[in-house]
Amino acid sequence: MRTRMILALLGSCVFACLVSSGSAAEPTAPIKALIVDGQNNHKWAETTPVLQEMMEKSGRFTVDVSTCPPKGKDMSDYLPEFEKYDLVVVNNGWRADSWSEKAMQAFERFVKNGGGVVSYHAADNAWPQWKAWNEMIAIGGWGGRNEKSGPYLYTDKHGNVFRDRSPGKGGGHGAQTEFEITVRDTEHPITRGLPKTFMHGPDELYSFLRGPALNVQILATAHSDKSNGGTGHEEPMLMTITYGKGRVFHTVIGHYLAQIKRGSFVTTFLRGAEWAATGKVTLPVPAGFPDQAYPPGE
């Protein structure tokens with residue numbers, strides 16, 4: 001009896017010491033995220049609210065939205081307060097007008113100083129002439145991109161990476177179809193715990209993407225079938241890029257509402273966003289992946 005009482009007292013003392021020292025577990029602070037949109041050949045006004053909802057319902061993010069002026073309008077006063085955030089999710093796309101020099105410099109400074117970025121789907125179509133943006137996303141398509149933009153980036157079926165400087169267009173995809181995604185880096189925080197292969201779609205399978213391809217890690221690929229206008233290579237679907245002290249998560253999947261509500265997108269997007277902002281991933285892979293319900297937690 002005396003021994004049990006001593007052990008109980010010791011346990012109480014240890015707990016009290018942990019609490020008073022501040023070493024007990026504390027809630028993780030929410031990540032402050034900003035979605036930028038406003039000009040995209042994709043339906044940004046419909047996808048942004050869904051991205052915002054899924055991020056907030058994950059319990060990991062607070063989310064604001066900054067919408068730029070319509071195409072052709074004055075952009076000189078558009079200057080999001082990037083420095084207020086941990087993460088910027090880019091939902092602009094093909095033929096988006098350039099930001100002002102002041103806004104571009106502010107964004108570059110934000111990322112160089114350690115800010116996180118998510119390039120979502122058609123964001124890699126945007127701003128082909130913006131050198132820093134193309135370095136942040138590693139590879140992109142459309143907008144006149146070609147061999148002058150940098151090499152094609154892809155892998156073979158074994159995961160060996162190729163930077164192909166052949167001449168040709170930048171950007172392409174075939175008809176929407178369901179396809180298998182293969183995880184190439186099973187130890188990265190974003191993909192750790194995911195199945196080695198999982199199905200996604202029907203969705204656009206981006207191919208022929210090219211760019212600087214610097215400081216990039218390919219996390220997952222999908223086979224681009226030549227019979228569907230593809231390259232015959234394993235094309236990057238999920239990537240990470242470093243730019244200065246900043247981290248970028250580049251996902252090419254998620255064409256529209258049906259695609260971004262799929263578990264394969266929700267889980268990889270949320271985990272990629274968390275990693276870009278913090279360098280770590282605490283959001284779990286759901287037991288039902290990739291078939292869990294949307295929004296997350298329901």
# chains A, B, ... in the order shown; residues from 1 in each chain; ligands from 1
>>> closest_atom_pairs(of="stretch 92-181 of chain A", to="stretch 256-262 of chain A", cutoff="12 Å", atoms="only C-alpha atoms", output="tab-separated table")
residue	atom	partner	partner_atom	distance
A:Tyr120	CA	A:Ile260	CA	10.3
A:His121	CA	A:Tyr256	CA	9.4
A:Ala122	CA	A:Tyr256	CA	10.3
A:Gln176	CA	A:Gln259	CA	10.4
A:Thr177	CA	A:Gln259	CA	11.0
A:Glu178	CA	A:Gln259	CA	10.4
>>> write_last_selection(atoms="C-alpha atoms", output="tab-separated table (two decimals), in the first residue's frame")
chain	number	residue	atom	x	y	z
A	120	TYR	CA	-2.53	24.37	-57.61
A	121	HIS	CA	-3.26	22.78	-61.01
A	122	ALA	CA	-3.46	25.55	-63.64
A	176	GLN	CA	-9.95	13.28	-68.72
A	177	THR	CA	-9.54	9.75	-67.48
A	178	GLU	CA	-8.92	7.82	-64.29
>>> select_by_dssp(residues="stretch 95-290 of chain A", states="alpha helix (DSSP H)", output="VMD selection string")
chain A and resid 101 to 112 131 to 137 257 to 260 263 to 278
>>> closest_atom_pairs(of="stretch 181-210 of chain A", to="stretch 237-255 of chain A", cutoff="9 Å", atoms="only C-alpha atoms", output="CSV")
residue,atom,partner,partner_atom,distance
A:Ile181,CA,A:Met237,CA,7.6
A:Val183,CA,A:Leu238,CA,8.8
A:His200,CA,A:Ile253,CA,8.7
A:Gly201,CA,A:Gly254,CA,8.5
A:Asp203,CA,A:His255,CA,6.4
A:Glu204,CA,A:His255,CA,6.5
A:Leu205,CA,A:Ile253,CA,7.2
A:Tyr206,CA,A:Val252,CA,6.6
>>> closest_atom_pairs(of="stretch 89-162 of chain A", to="stretch 263-274 of chain A", cutoff="9 Å", atoms="only C-alpha atoms", output="tab-separated table")
residue	atom	partner	partner_atom	distance
A:Val89	CA	A:Ala273	CA	8.0
A:Gly116	CA	A:Ala273	CA	7.8
A:Val117	CA	A:Ala273	CA	7.5
A:Val118	CA	A:Ala273	CA	6.2
A:Tyr120	CA	A:Phe269	CA	8.5
>>> select_by_dssp(residues="stretch 12-250 of chain A", states="strand (DSSP E)", output="NGL selection string")
:A and (31-37 or 61-67 or 87-90 or 116-120 or 152-155 or 161-164 or 177-183 or 197-203 or 216-223 or 234-243 or 246-250)
>>> residues_around(residues="A:His188", least_positions_apart="4", cutoff="10 Å", atoms="only C-alpha atoms", output="VMD selection string")
chain A and resid 183 to 184 192 to 193 217 219 240 275 280 to 281
>>> write_last_selection(atoms="C-alpha atoms", output="mmCIF file, in the first residue's frame")
data_model
loop_
_atom_site.group_PDB
_atom_site.id
_atom_site.type_symbol
_atom_site.label_atom_id
_atom_site.label_comp_id
_atom_site.auth_asym_id
_atom_site.auth_seq_id
_atom_site.Cartn_x
_atom_site.Cartn_y
_atom_site.Cartn_z
ATOM 1 C CA VAL A 183 4.549 7.516 -55.085
ATOM 2 C CA ARG A 184 8.239 7.928 -55.941
ATOM 3 C CA ARG A 192 4.801 9.088 -46.012
ATOM 4 C CA GLY A 193 1.988 6.681 -45.181
ATOM 5 C CA GLN A 217 11.866 16.743 -55.764
ATOM 6 C CA LEU A 219 7.081 12.944 -55.040
ATOM 7 C CA THR A 240 8.274 20.013 -53.889
ATOM 8 C CA TRP A 275 4.399 20.953 -45.342
ATOM 9 C CA LYS A 280 6.236 19.127 -41.259
ATOM 10 C CA VAL A 281 3.040 17.128 -41.712
#
>>> closest_residue(among="A:Lys57, A:Lys169, A:Arg210, A:Lys196", to="A:Asn134", atoms="only C-alpha atoms")
A:Arg210
>>> closest_residue(among="A:Trp130, A:Phe198, A:Trp94, A:Phe208", to="A:Gly168", atoms="only C-alpha atoms")
A:Phe208
>>> closest_residue(among="A:Asp64, A:Glu234, A:Glu46, A:Asp74", to="A:Leu87", atoms="only C-alpha atoms")
A:Asp64
>>> atom_distance(atom1="atom CA of A:Pro290", atom2="atom CA of A:Pro189")
17.3 Å
>>> residues_around(residues="A:Trp44", least_positions_apart="6", cutoff="9 Å", atoms="only C-alpha atoms", output="CSV table (one decimal) with C-alpha atoms, in the first residue's frame")
chain,number,residue,atom,x,y,z
A,37,ASP,CA,-7.1,34.1,-57.5
A,38,GLY,CA,-9.0,36.3,-60.0
A,91,ASN,CA,-5.3,29.7,-58.0
A,92,ASN,CA,-4.5,31.9,-61.0
A,93,GLY,CA,-3.8,30.3,-64.4
A,256,TYR,CA,-12.5,21.2,-61.2
>>> closest_residue(among="A:Val88, A:Val161, A:Met104, A:Ala213", to="A:Ile137", atoms="only C-alpha atoms")
A:Ala213
>>> residues_around(residues="A:Pro80", least_positions_apart="4", cutoff="10 Å", atoms="only C-alpha atoms", output="PyMOL selection string")
chain A and resi 34+36+65-68+84+103+106-107
>>> write_last_selection(atoms="C-alpha atoms", output="compact mmCIF listing (two decimals), in the first residue's frame")
# COMPACT_ATOMS: atom_id res chain seq x y z
CA LEU A 34 -4.01 33.18 -48.24
CA VAL A 36 -4.84 34.35 -54.43
CA VAL A 65 -8.81 35.16 -50.07
CA SER A 66 -7.28 37.90 -52.23
CA THR A 67 -8.85 38.34 -55.67
CA CYS A 68 -6.99 40.41 -58.23
CA LYS A 84 0.89 38.38 -42.77
CA ALA A 103 3.57 42.87 -55.98
CA ALA A 106 6.83 41.39 -52.43
CA PHE A 107 5.86 37.81 -53.27
>>> closest_residue(among="A:Trp133, A:Thr48, A:Asp124, A:His42", to="A:Gln105", atoms="only C-alpha atoms")
A:Trp133
>>> decode(residues="stretch 153-269 of chain A", atoms="C-alpha atoms", output="compact mmCIF listing (two decimals), in the first residue's frame")
# COMPACT_ATOMS: atom_id res chain seq x y z
CA LEU A 153 10.97 16.86 -66.43
CA TYR A 154 9.79 13.26 -66.06
CA THR A 155 10.82 9.83 -64.81
CA ASP A 156 10.91 6.34 -66.24
CA LYS A 157 8.93 3.48 -64.71
CA HIS A 158 11.72 2.88 -62.20
CA GLY A 159 11.66 6.48 -60.96
CA ASN A 160 14.88 7.60 -62.64
CA VAL A 161 14.61 11.35 -63.30
CA PHE A 162 15.21 12.90 -66.72
CA ARG A 163 15.65 16.53 -67.75
CA ASP A 164 14.98 16.41 -71.47
CA ARG A 165 16.03 19.46 -73.47
CA SER A 166 14.37 18.37 -76.71
CA PRO A 167 12.62 21.18 -78.57
CA GLY A 168 8.86 21.33 -78.37
CA LYS A 169 5.80 22.77 -76.73
CA GLY A 170 5.31 23.27 -73.03
CA GLY A 171 2.07 21.84 -71.68
CA GLY A 172 -0.52 19.31 -72.73
CA HIS A 173 -3.07 16.76 -71.58
CA GLY A 174 -5.42 14.27 -73.12
CA ALA A 175 -9.06 13.57 -72.38
CA GLN A 176 -9.95 13.28 -68.72
CA THR A 177 -9.54 9.75 -67.48
CA GLU A 178 -8.92 7.82 -64.29
CA PHE A 179 -5.25 7.10 -63.75
CA GLU A 180 -2.90 5.51 -61.26
CA ILE A 181 -0.54 7.72 -59.28
CA THR A 182 2.74 6.15 -58.14
CA VAL A 183 4.55 7.52 -55.09
CA ARG A 184 8.24 7.93 -55.94
CA ASP A 185 9.41 9.27 -52.57
CA THR A 186 7.80 7.23 -49.81
CA GLU A 187 9.81 8.93 -47.04
CA HIS A 188 8.86 12.55 -47.69
CA PRO A 189 6.52 13.94 -44.98
CA ILE A 190 3.80 14.64 -47.57
CA THR A 191 3.72 11.12 -49.03
CA ARG A 192 4.80 9.09 -46.01
CA GLY A 193 1.99 6.68 -45.18
CA LEU A 194 0.33 6.87 -48.59
CA PRO A 195 -0.10 3.65 -50.57
CA LYS A 196 2.66 3.10 -53.11
CA THR A 197 0.00 3.44 -55.83
CA PHE A 198 -3.51 4.85 -55.75
CA MET A 199 -6.17 5.83 -58.25
CA HIS A 200 -7.22 9.38 -59.07
CA GLY A 201 -9.71 10.93 -61.46
CA PRO A 202 -11.17 11.14 -63.95
CA ASP A 203 -8.94 14.20 -64.27
CA GLU A 204 -6.55 15.92 -66.62
CA LEU A 205 -3.15 14.25 -66.62
CA TYR A 206 -0.74 17.10 -67.31
CA SER A 207 2.22 16.32 -69.56
CA PHE A 208 4.88 18.09 -71.62
CA LEU A 209 5.54 20.43 -68.67
CA ARG A 210 8.90 22.16 -68.83
CA GLY A 211 10.79 24.89 -67.02
CA PRO A 212 13.93 25.61 -65.00
CA ALA A 213 13.46 22.32 -63.08
CA LEU A 214 15.77 23.50 -60.28
CA ASN A 215 15.73 22.38 -56.64
CA VAL A 216 12.79 20.08 -57.33
CA GLN A 217 11.87 16.74 -55.76
CA ILE A 218 9.34 14.59 -57.61
CA LEU A 219 7.08 12.94 -55.04
CA ALA A 220 4.62 11.14 -57.31
CA THR A 221 4.06 10.46 -61.00
CA ALA A 222 1.45 9.05 -63.38
CA HIS A 223 1.91 7.36 -66.73
CA SER A 224 1.09 9.66 -69.65
CA ASP A 225 -0.32 7.30 -72.26
CA LYS A 226 0.54 8.12 -75.86
CA SER A 227 -2.84 6.78 -76.93
CA ASN A 228 -4.41 9.69 -75.04
CA GLY A 229 -2.13 12.39 -76.41
CA GLY A 230 0.54 11.83 -73.78
CA THR A 231 4.30 11.50 -73.73
CA GLY A 232 4.74 7.84 -72.83
CA HIS A 233 6.66 8.95 -69.74
CA GLU A 234 5.89 9.00 -66.02
CA GLU A 235 4.86 12.62 -65.55
CA PRO A 236 5.20 14.50 -62.24
CA MET A 237 1.90 14.87 -60.38
CA LEU A 238 3.20 16.03 -56.98
CA MET A 239 6.44 17.94 -56.45
CA THR A 240 8.27 20.01 -53.89
CA ILE A 241 10.60 22.88 -54.71
CA THR A 242 12.83 25.08 -52.58
CA TYR A 243 13.21 28.76 -53.40
CA GLY A 244 15.47 30.63 -51.03
CA LYS A 245 14.26 29.63 -47.56
CA GLY A 246 10.77 28.98 -48.89
CA ARG A 247 9.03 25.69 -49.61
CA VAL A 248 6.72 25.12 -52.58
CA PHE A 249 4.26 22.27 -53.04
CA HIS A 250 3.24 21.86 -56.70
CA THR A 251 0.23 19.67 -57.47
CA VAL A 252 -0.93 19.38 -61.07
CA ILE A 253 -4.14 17.46 -60.30
CA GLY A 254 -7.55 18.92 -59.48
CA HIS A 255 -9.12 20.34 -62.63
CA TYR A 256 -12.53 21.24 -61.20
CA LEU A 257 -14.99 20.57 -58.35
CA ALA A 258 -15.43 16.84 -58.93
CA GLN A 259 -11.66 16.36 -58.99
CA ILE A 260 -10.82 18.44 -55.90
CA LYS A 261 -13.49 16.68 -53.84
CA ARG A 262 -11.80 13.32 -54.38
CA GLY A 263 -9.91 11.91 -51.44
CA SER A 264 -6.76 11.53 -53.53
CA PHE A 265 -6.71 15.30 -54.02
CA VAL A 266 -7.96 16.37 -50.58
CA THR A 267 -5.36 14.42 -48.63
CA THR A 268 -2.37 15.24 -50.82
CA PHE A 269 -3.36 18.91 -51.11
